[in-house]
Amino acid sequence: AFAGTGAGGGAGAEARRTPVEREASARTAPAALPPRGLRRPCLEMSGLTADWSCWRGQALLRPLATYALFCMGARGLGNERCWGGHFTYELCCNSSFPEGNPDCWDSRRYTNRRCCLSLDDPIPLAHPLNLWASKRWRVVAGKDLGGWMVHELTFYGDANCSQRLRKHLRPIDSGHRRGFQPSHAFDQWVKATDDYFWYSKEAGRDDAWLGSEFLRPVEVKCVSIWHNNIPSVPVTLQRWEELGKCWRFAGFWPKAAGGEWAQLEAPGAVGLEEEGEVSQ
């Protein structure tokens, strides 16, 4: 009755099992591990395949396996920052072109090297950020005045005062006398006998100022001004810093002559770094 027990009984039971039962048992039985020295690598990079059975007992290596499989999943997608709309990896990184599909590249931001051969190369900004740009600029009279009379004020985007900054929203000022609004200083009309000019209220040093607010941030590199305060007035150029909610230094001229055009070149970034907060 007990002939099937023991080693011989086990062998007899195995002999009595059908082929189907043997196959099912083989699928469910735990896989035996080979000796430690004969175990093969868990991730065969040449074939990009993973044998999960060899990870048993190697918990410290599991994060490495997860990362490797993630990289394998991303293989062939290129840089995901490049794709949007009809621009896809399949369209742009087509192997029939030596450098990818030329219709996808703009030679600066989106390139074959950045989009097809890299996984995470950041895309450069469309317009490089200008730390010295601001929407509001002004000139300040550094002298006690009964009133500052400015016939014309022009801001330029180049050091030679040739590229006029035109897209301004509105003129801004420290305050003016009735009938002498700041818009008169931006009408592109200058004569010594001109009756249309900006005329500030009585002001102390650095209290009288005139400027412009632009549609988008700009950098002023040159200023032309025609004022009637003879012989001269010290003038400071300032830009508004939105983050600090204050005016920042952008240039200074100890003598801006009156009764004629005075062209003032801004020192640029170096000058901006030399001075701190000016006023609220």
# chains A, B, ... in the order shown; residues from 1 in each chain; ligands from 1

$ select_by_dssp --residues "region 167-203 of chain A" --states "helix (DSSP H, G or I)" --output "list of chain:residue names"
A:Pro182, A:Ser183, A:His184, A:Ala185, A:Phe186

$ write_last_selection --atoms "all heavy atoms" --output "JSON list (two decimals), in the first residue's frame"
[["chain", "number", "residue", "atom", "x", "y", "z"],
["A", 182, "PRO", "N", 2.83, 115.38, -20.90],
["A", 182, "PRO", "CA", 4.05, 114.70, -21.39],
["A", 182, "PRO", "C", 3.99, 114.27, -22.85],
["A", 182, "PRO", "O", 5.03, 114.09, -23.48],
["A", 182, "PRO", "CB", 4.18, 113.49, -20.45],
["A", 182, "PRO", "CG", 2.82, 113.29, -19.86],
["A", 182, "PRO", "CD", 2.21, 114.65, -19.77],
["A", 183, "SER", "N", 2.80, 114.09, -23.40],
["A", 183, "SER", "CA", 2.70, 113.67, -24.80],
["A", 183, "SER", "C", 3.33, 114.70, -25.74],
["A", 183, "SER", "O", 3.76, 114.36, -26.85],
["A", 183, "SER", "CB", 1.23, 113.46, -25.19],
["A", 183, "SER", "OG", 0.48, 114.64, -24.98],
["A", 184, "HIS", "N", 3.42, 115.97, -25.32],
["A", 184, "HIS", "CA", 4.05, 117.01, -26.16],
["A", 184, "HIS", "C", 5.53, 116.73, -26.39],
["A", 184, "HIS", "O", 6.10, 117.20, -27.37],
["A", 184, "HIS", "CB", 3.88, 118.39, -25.52],
["A", 184, "HIS", "CG", 2.48, 118.89, -25.54],
["A", 184, "HIS", "ND1", 2.04, 119.95, -24.77],
["A", 184, "HIS", "CD2", 1.39, 118.48, -26.25],
["A", 184, "HIS", "CE1", 0.75, 120.18, -24.99],
["A", 184, "HIS", "NE2", 0.34, 119.28, -25.89],
["A", 185, "ALA", "N", 6.16, 115.97, -25.49],
["A", 185, "ALA", "CA", 7.59, 115.68, -25.63],
["A", 185, "ALA", "C", 7.85, 114.48, -26.53],
["A", 185, "ALA", "O", 9.01, 114.12, -26.75],
["A", 185, "ALA", "CB", 8.21, 115.45, -24.26],
["A", 186, "PHE", "N", 6.77, 113.88, -27.06],
["A", 186, "PHE", "CA", 6.93, 112.71, -27.93],
["A", 186, "PHE", "C", 6.21, 112.91, -29.27],
["A", 186, "PHE", "O", 5.82, 111.95, -29.92],
["A", 186, "PHE", "CB", 6.39, 111.46, -27.23],
["A", 186, "PHE", "CG", 7.13, 111.11, -25.97],
["A", 186, "PHE", "CD1", 6.70, 111.57, -24.73],
["A", 186, "PHE", "CD2", 8.28, 110.32, -26.02],
["A", 186, "PHE", "CE1", 7.38, 111.25, -23.56],
["A", 186, "PHE", "CE2", 8.96, 109.99, -24.85],
["A", 186, "PHE", "CZ", 8.52, 110.46, -23.62]]

$ select_by_dssp --residues "region 53-273 of chain A" --states "strand (DSSP E or B)" --output "NGL selection string"
:A and (84 or 87 or 98 or 100 or 134-141 or 145 or 149-156 or 164 or 168-173 or 176 or 198-200 or 203 or 209-218 or 222-227 or 232-241 or 246-257 or 261-265)

$ residues_around --residues "region 152-154 of chain A" --least-positions-apart "2" --cutoff "8 Å" --atoms "only C-alpha atoms" --output "PyMOL selection string"
chain A and resi 150+156+164-165+184-190+197+223-227

$ atom_distance --atom1 "CA of Gly146 (chain A)" --atom2 "CA of Val220 (chain A)"
28.2 Å

$ closest_residue --among "A:Ala266, A:Cys115, A:Glu80, A:Trp261" --to "Cys92 (chain A)" --atoms "only C-alpha atoms"
A:Cys115

$ residues_around --residues "region 204-208 of chain A" --least-positions-apart "2" --cutoff "8 Å" --atoms "only C-alpha atoms" --output "count of residues only"
15

$ closest_residue --among "A:Pro124, A:Pro267, A:Gly259, A:Gly157" --to "Glu219 (chain A)" --atoms "only C-alpha atoms"
A:Gly157

$ residues_around --residues "Cys161 (chain A)" --least-positions-apart "6" --cutoff "8 Å" --atoms "only C-alpha atoms" --output "short mmCIF file (atom, residue, chain, number, x, y, z; two decimals) with N, CA and C atoms, in the first residue's frame"
data_model
loop_
_atom_site.label_atom_id
_atom_site.label_comp_id
_atom_site.auth_asym_id
_atom_site.auth_seq_id
_atom_site.Cartn_x
_atom_site.Cartn_y
_atom_site.Cartn_z
N PHE A 155 13.92 107.70 -27.07
CA PHE A 155 14.71 106.56 -26.61
C PHE A 155 15.09 105.70 -27.82
N LYS A 221 19.62 102.15 -25.12
CA LYS A 221 21.07 102.29 -25.20
C LYS A 221 21.51 103.70 -25.53
N CYS A 222 20.55 104.55 -25.89
CA CYS A 222 20.88 105.92 -26.23
C CYS A 222 19.64 106.79 -26.04
N VAL A 223 19.86 108.05 -25.65
CA VAL A 223 18.77 108.99 -25.42
C VAL A 223 19.08 110.30 -26.11
N SER A 224 18.07 110.86 -26.80
CA SER A 224 18.18 112.21 -27.35
C SER A 224 17.15 113.07 -26.65
N GLN A 263 22.67 114.31 -27.08
CA GLN A 263 22.65 112.85 -27.33
C GLN A 263 23.43 112.17 -26.22
N GLU A 265 24.62 108.59 -24.56
CA GLU A 265 24.80 107.15 -24.75
C GLU A 265 24.79 106.45 -23.40
#

$ closest_residue --among "A:Lys135, A:Arg113, A:Arg178, A:Arg166" --to "Cys93 (chain A)" --atoms "only C-alpha atoms"
A:Arg113

$ closest_residue --among "A:His86, A:Arg114, A:Arg81, A:Lys245" --to "Gly100 (chain A)" --atoms "only C-alpha atoms"
A:Arg114

$ atom_distance --atom1 "CA of Pro254 (chain A)" --atom2 "CA of Leu237 (chain A)"
11.5 Å

$ residues_around --residues "Leu215 (chain A)" --least-positions-apart "5" --cutoff "12 Å" --atoms "only C-alpha atoms" --output "list in words"
Ala133, Ser134, Lys135, Arg136, Trp137, Leu165, Arg166, Lys167, His168, Leu169, Arg170 and Pro171 of chain A

$ closest_residue --among "A:Cys104, A:Glu260, A:Pro98, A:Arg216" --to "Gly84 (chain A)" --atoms "only C-alpha atoms"
A:Cys104

$ closest_residue --among "A:Asp103, A:Glu242, A:Glu90, A:Asp194" --to "His151 (chain A)" --atoms "only C-alpha atoms"
A:Asp194

$ residues_around --residues "Leu77 (chain A)" --least-positions-apart "2" --cutoff "10 Å" --atoms "only C-alpha atoms" --output "VMD selection string"
chain A and resid 73 to 75 79 to 80 83 88 to 90 93 115 to 119
